[in-house]
file entry.txt (compact mmCIF, C-alpha atoms and all ligand atoms)
# COMPACT_ATOMS: atom_id res chain seq x y z
CA MET A 25 -31.93 -24.94 12.68
CA ASN A 26 -30.37 -23.28 15.70
CA VAL A 27 -27.34 -21.21 16.40
CA ASN A 28 -25.12 -24.30 16.68
CA ASP A 29 -25.66 -25.04 13.01
CA GLN A 30 -24.04 -21.79 11.96
CA ALA A 31 -20.65 -21.34 10.46
CA ARG A 32 -19.16 -17.90 11.04
CA HIS A 33 -17.09 -15.45 9.07
CA GLY A 34 -15.69 -13.83 12.22
CA SER A 35 -18.42 -11.71 13.71
CA LEU A 36 -19.30 -10.00 10.44
CA VAL A 37 -21.87 -12.42 9.12
CA ASP A 38 -23.68 -15.44 10.47
CA VAL A 39 -24.11 -18.27 8.01
CA TYR A 40 -26.98 -20.73 8.36
CA VAL A 41 -26.07 -23.77 6.32
CA ASN A 42 -28.41 -25.89 4.16
CA VAL A 43 -31.59 -24.07 5.11
CA VAL A 44 -33.33 -23.51 1.79
CA PRO A 45 -34.19 -26.64 -0.22
CA LEU A 46 -32.45 -26.62 -3.62
CA LYS A 47 -35.74 -27.66 -5.24
CA LEU A 48 -37.35 -24.45 -4.00
CA ILE A 49 -34.41 -22.43 -5.30
CA GLU A 50 -34.85 -24.08 -8.71
CA THR A 51 -38.51 -23.04 -8.70
CA LEU A 52 -37.66 -19.43 -7.81
CA ASN A 53 -35.03 -19.26 -10.57
CA ALA A 54 -37.51 -20.64 -13.08
CA THR A 55 -39.94 -17.85 -12.10
CA ILE A 56 -37.22 -15.24 -12.66
CA ASP A 57 -36.28 -16.82 -16.02
CA GLU A 58 -39.86 -16.37 -17.22
CA THR A 59 -39.83 -12.59 -16.62
CA ARG A 60 -36.20 -11.45 -16.57
CA HIS A 61 -36.16 -10.26 -20.19
CA ASP A 62 -38.98 -7.81 -19.37
CA TRP A 63 -37.22 -6.09 -16.49
CA LYS A 64 -36.79 -2.39 -17.18
CA PRO A 65 -34.53 -0.69 -16.36
CA THR A 66 -32.12 -3.57 -16.68
CA ASP A 67 -30.05 -2.75 -13.58
CA GLY A 68 -31.23 -6.00 -12.02
CA ARG A 69 -32.72 -4.59 -8.81
CA ARG A 70 -36.32 -5.21 -7.89
CA GLU A 71 -38.16 -4.02 -4.79
CA SER A 72 -41.07 -5.98 -5.99
CA VAL A 73 -44.06 -8.12 -5.47
CA MET A 74 -41.93 -10.96 -6.81
CA ALA A 75 -39.31 -10.51 -4.10
CA GLN A 76 -41.97 -10.44 -1.42
CA SER A 77 -43.69 -13.52 -2.80
CA PHE A 78 -40.34 -15.36 -2.79
CA ALA A 79 -39.86 -14.41 0.87
CA GLU A 80 -43.35 -15.67 1.70
CA LEU A 81 -42.55 -19.01 0.05
CA LEU A 82 -39.35 -19.24 2.08
CA ARG A 83 -41.28 -18.56 5.28
CA GLU A 84 -43.37 -21.65 4.63
CA ASN A 85 -40.16 -23.56 5.28
CA ALA A 86 -39.97 -24.23 9.03
CA ALA A 87 -36.17 -23.91 9.25
CA PHE A 88 -36.12 -20.57 7.44
CA HIS A 89 -39.04 -19.27 9.48
CA ALA A 90 -37.32 -20.25 12.73
CA ILE A 91 -34.09 -18.52 11.72
CA GLU A 92 -35.85 -15.33 10.64
CA THR A 93 -37.77 -15.23 13.92
CA GLN A 94 -34.56 -15.79 15.88
CA VAL A 95 -32.46 -13.16 14.09
CA CYS A 96 -35.30 -10.62 14.19
CA ALA A 97 -35.56 -11.01 17.95
CA ALA A 98 -31.79 -10.53 18.26
CA ALA A 99 -31.89 -7.43 16.04
CA GLN A 100 -34.73 -5.92 18.05
CA LEU A 101 -32.78 -6.51 21.25
CA TRP A 102 -29.69 -4.88 19.68
CA ALA A 103 -31.77 -1.83 18.76
CA THR A 104 -33.04 -1.34 22.28
CA THR A 105 -29.71 -1.98 24.01
CA VAL A 106 -27.26 -0.34 21.58
CA LEU A 107 -29.31 2.22 19.66
CA LYS A 108 -31.51 2.89 22.68
CA ARG A 109 -34.60 3.04 20.51
CA GLU A 110 -37.63 0.97 19.72
CA VAL A 111 -37.78 -0.07 16.08
CA SER A 112 -40.77 -1.39 14.22
CA ASP A 113 -40.50 -3.92 11.45
CA ASP A 114 -41.63 -3.25 7.90
CA PRO A 115 -39.47 -5.67 5.90
CA LEU A 116 -38.04 -4.51 2.60
CA HIS A 117 -37.68 -7.26 -0.01
CA VAL A 118 -35.25 -6.85 -2.89
CA LEU A 119 -34.37 -9.18 -5.71
CA ARG A 120 -30.92 -8.42 -7.11
CA CYS A 121 -30.00 -10.07 -10.40
CA VAL A 122 -26.69 -8.76 -11.73
CA ASP A 123 -24.86 -9.59 -14.93
CA PRO A 124 -21.95 -7.98 -16.83
CA ARG A 125 -24.20 -5.11 -17.99
CA ALA A 126 -24.63 -3.84 -14.43
CA ASP A 127 -21.29 -2.24 -13.57
CA SER A 128 -23.22 0.64 -12.04
CA GLN A 129 -24.42 -1.73 -9.32
CA SER A 130 -20.96 -2.81 -8.19
CA TYR A 131 -18.33 -1.38 -5.85
CA LEU A 132 -20.95 0.83 -4.19
CA ARG A 133 -19.69 0.82 -0.62
CA HIS A 134 -22.55 1.57 1.73
CA PHE A 135 -24.22 1.05 5.07
CA ASP A 136 -27.77 -0.22 5.08
CA SER A 137 -30.54 1.85 6.58
CA HIS A 138 -31.78 -1.33 8.22
CA ILE A 139 -30.30 -3.13 11.18
CA LEU A 140 -30.77 -6.65 9.88
CA THR A 141 -30.02 -7.95 6.40
CA MET A 142 -30.71 -11.53 5.30
CA LEU A 143 -29.16 -12.73 2.04
CA VAL A 144 -30.55 -15.74 0.24
CA PRO A 145 -28.38 -16.72 -2.75
CA LEU A 146 -30.43 -18.08 -5.64
CA GLN A 147 -27.80 -18.31 -8.35
CA LEU A 148 -24.07 -17.56 -8.43
CA ALA A 149 -21.95 -16.29 -11.28
CA PRO A 150 -19.08 -18.60 -12.29
CA ASN A 151 -16.20 -18.46 -9.82
CA GLY A 152 -13.44 -15.99 -10.44
CA GLU A 153 -12.26 -12.53 -9.48
CA ARG A 154 -15.42 -10.92 -10.87
CA ASN A 155 -18.25 -13.09 -9.61
CA GLY A 156 -20.25 -10.44 -7.70
CA ASP A 157 -19.21 -11.65 -4.23
CA LEU A 158 -20.20 -9.64 -1.19
CA VAL A 159 -17.28 -7.80 0.44
CA MET A 160 -17.50 -6.51 4.00
CA ARG A 161 -15.21 -4.13 5.81
CA ILE A 162 -13.81 -5.85 8.89
CA PHE A 163 -13.99 -2.81 11.14
CA GLN A 164 -17.56 -2.10 12.06
CA ARG A 165 -18.59 1.43 12.98
CA GLU A 166 -20.27 2.24 16.24
CA ALA A 167 -23.95 2.89 16.00
CA LYS A 168 -23.91 6.64 15.61
CA SER A 169 -26.27 9.58 15.73
CA ALA A 170 -28.41 10.74 12.84
CA THR A 171 -25.87 13.56 12.25
CA ALA A 172 -22.88 11.20 11.92
CA ASN A 173 -24.97 8.95 9.72
CA PHE A 174 -25.92 11.92 7.55
CA LEU A 175 -22.26 12.89 7.00
CA THR A 176 -21.27 9.31 6.15
CA LYS A 177 -24.19 8.84 3.77
CA THR A 178 -23.41 12.13 2.05
CA TYR A 179 -19.75 11.16 1.52
CA LEU A 180 -20.71 7.74 0.18
CA PHE A 181 -23.26 9.33 -2.16
CA PHE A 182 -20.43 11.28 -3.81
CA GLU A 183 -18.20 8.18 -3.85
CA HIS A 184 -20.96 6.35 -5.72
CA GLY A 185 -20.80 9.03 -8.40
CA LEU A 186 -17.13 8.30 -9.13
CA PRO A 187 -16.23 6.40 -12.30
CA PHE A 188 -16.34 2.61 -12.08
CA LEU A 189 -12.54 2.18 -12.18
CA ILE A 190 -12.00 4.56 -9.25
CA ARG A 191 -14.75 2.94 -7.19
CA ARG A 192 -13.22 -0.45 -7.89
CA SER A 193 -9.77 0.80 -6.96
CA LEU A 194 -10.99 2.20 -3.62
CA ALA A 195 -12.79 -1.01 -2.75
CA THR A 196 -10.00 -3.29 -3.95
CA ARG A 197 -7.39 -1.43 -1.91
CA ASP A 198 -9.30 -2.30 1.27
CA LEU A 199 -9.50 -5.94 0.22
CA SER A 200 -5.79 -6.22 -0.57
CA ASN A 201 -4.92 -4.55 2.77
CA ALA A 202 -7.00 -7.21 4.53
CA ASN A 203 -9.31 -4.49 5.84
CA SER A 204 -12.19 -6.18 4.07
CA GLN A 205 -13.35 -9.75 3.77
CA ARG A 206 -14.85 -11.48 0.76
CA ILE A 207 -17.91 -13.55 1.68
CA VAL A 208 -18.29 -16.60 -0.51
CA CYS A 209 -21.97 -17.51 -0.77
CA ARG A 210 -23.67 -20.77 -1.64
CA PRO A 211 -27.30 -21.40 -2.62
CA GLY A 212 -29.13 -23.18 0.19
CA ASN A 213 -27.42 -21.11 2.89
CA VAL A 214 -28.73 -17.94 4.51
CA TYR A 215 -26.35 -15.09 5.36
CA VAL A 216 -27.25 -12.63 8.10
CA PHE A 217 -25.50 -9.42 9.08
CA ASN A 218 -25.94 -5.98 10.59
CA GLY A 219 -25.65 -3.69 7.56
CA LEU A 220 -26.21 -0.56 9.63
CA ILE A 221 -22.72 -0.79 11.13
CA THR A 222 -20.87 -2.83 8.48
CA LEU A 223 -19.64 -1.12 5.32
CA HIS A 224 -20.18 -3.47 2.40
CA HIS A 225 -20.43 -3.73 -1.37
CA ASN A 226 -20.51 -6.27 -4.18
CA LEU A 227 -17.90 -7.08 -6.78
CA ASP A 228 -18.94 -6.80 -10.40
CA VAL A 229 -19.95 -9.80 -12.49
CA GLY A 230 -17.77 -10.75 -15.45
CA VAL A 231 -19.71 -13.73 -16.77
CA GLY A 232 -23.17 -15.12 -16.08
CA GLU A 233 -25.72 -13.76 -13.65
CA ARG A 234 -25.76 -13.60 -9.87
CA ARG A 235 -29.15 -13.65 -8.16
CA MET A 236 -29.86 -12.81 -4.54
CA LEU A 237 -33.01 -12.34 -2.53
CA ILE A 238 -32.35 -9.70 0.11
CA ILE A 239 -34.60 -9.12 3.11
CA HIS A 240 -34.03 -6.04 5.24
CA HIS A 241 -35.61 -5.77 8.69
CA TYR A 242 -35.87 -2.83 11.11
CA ASP A 243 -35.13 0.52 9.52
CA ALA A 244 -33.12 2.31 12.21
CA GLY A 245 -34.64 5.63 11.23
CA LEU A 246 -31.28 7.42 10.97
CA THR A 247 -31.36 8.30 7.30
CA ALA A 248 -34.31 10.63 6.81
CA GLY A 249 -32.16 13.81 6.63
CA ALA A 250 -29.57 12.25 4.33
CA ARG A 251 -32.26 10.93 2.02
CA THR A 252 -33.85 14.37 1.70
CA VAL A 253 -30.55 16.12 0.92
CA ILE A 254 -29.41 13.45 -1.55
CA ARG A 255 -32.80 13.46 -3.31
CA SER A 256 -32.66 17.28 -3.58
CA PHE A 257 -29.13 17.10 -4.95
CA ARG A 258 -30.15 14.55 -7.58
CA ILE A 259 -33.03 16.79 -8.67
CA LEU A 260 -30.61 19.73 -8.94
CA LEU A 261 -28.17 17.69 -11.03
CA ASP A 262 -30.99 16.58 -13.31
CA ARG A 263 -32.11 20.20 -13.75
CA LEU A 264 -28.57 21.32 -14.55
CA ALA A 265 -28.36 18.54 -17.12
CA GLY A 266 -31.65 19.69 -18.61
CA ILE A 267 -33.29 16.37 -17.85
CA TYR A 268 -35.86 17.63 -15.37
FE FE A 301 -26.51 -3.37 1.61
call {"tool": "encode", "arguments": {"input": "entry.txt", "output": "C-alpha cells"}}
result
Amino acid sequence: MNVNDQARHGSLVDVYVNVVPLKLIETLNATIDETRHDWKPTDGRRESVMAQSFAELLRENAAFHAIETQVCAAAQLWATTVLKREVSDDPLHVLRCVDPRADSQSYLRHFDSHILTMLVPLQLAPNGERNGDLVMRIFQREAKSATANFLTKTYLFFEHGLPFLIRRSLATRDLSNANSQRIVCRPGNVYVFNGLITLHHNLDVGVGERRMLIIHHYDAGLTAGARTVIRSFRILLDRLAGIY
C-alpha cells in the first residue's frame, strides 16, 4: 500500500483504504467480546496489553507494517523540520470501546500529546447523528512552545469539566459553522493524522458500541508542565470533595 492508495479528507487525515483484513478484525472483536464485561471502570478506554497485542498482530500484516513505517518516517521528519527537535518513539496503544453509558468520553475537544495518531476502526455504532464519529477542527494550530501548549491544555482541561450538554453545544457549534469536519470511518481502513496540531473529539454513541484501536507515536514532549498542574489540581479537587 503506498501513498497513491490513499483517499484524503483535505489535509486533516490520510485514509489508507482496505488495509486490515476483515477476518482479522473479526478475530480482534471476538477477543474483546470475551472480556468486555469484565472491564472496570466501564469507560471503555484501555491502555492495555490487549491493545498492544492487537497492534502486534496488525504489524504482521505487510500492508499495515509498510504504512506504519512510512507514516512514522514522515512524522519524524516533521518533528525535526517543524518542531526543531528530535523525538523518540515509545508507542502508546489504546483500545477505545464506547457505548451509550460513556457520555463522559464524548465531546472532549483536545490535542494529542503525540505527533502521529493511527486509528484502526474495529466496530462502528449504527449510523446516525450519535454514532461516535471523529470530528476534527479544520484549522490546525501552529506547532507552538511548551508555554502555549500549557495554556491550551489548561483551558481544555476546564472545558472537559463542563456538563455534557455544554460540551456538546460547544463542539456542535463548530460543526454547524463548518469549522469542523466529521470523519466517517470504516473497518478495514487506517486513518492517520497529526493530533498535536489538530483539535479533535468524538461524538457520543446513542446505540451499540464503537470500537477503535488507537496507536500514538512520538510524544512531542510539550505537555510535562500541563500534566503536572492538571494532576495537582485534580488532587486538590479530590481533597476538597473529601475523596482523597
Ligand atoms: Fe486524540
call {"tool": "atom_distance", "arguments": {"input": "entry.txt", "atom1": "atom CA of Asn155 of chain A", "atom2": "atom CA of Arg83 of chain A"}}
result
28.0 Å
call {"tool": "closest_residue", "arguments": {"input": "entry.txt", "among": "A:Pro187, A:Gly232, A:Gly219, A:Gly212", "to": "Gln164 of chain A", "atoms": "all atoms listed in the file"}}
result
A:Gly219
call {"tool": "residues_near_ligand", "arguments": {"input": "entry.txt", "ligand": "ligand FE 301 (chain A)", "cutoff": "7 Å", "atoms": "all atoms listed in the file", "output": "list in words"}}
result
His134, Phe135, Asp136, Gly219, His224 and His225 of chain A
call {"tool": "atom_distance", "arguments": {"input": "entry.txt", "atom1": "atom CA of Lys47 of chain A", "atom2": "atom CA of Leu140 of chain A"}}
result
26.4 Å
call {"tool": "closest_residue", "arguments": {"input": "entry.txt", "among": "A:Leu48, A:Gln129, A:Ile139, A:Val118", "to": "Val216 of chain A", "atoms": "all atoms listed in the file"}}
result
A:Ile139
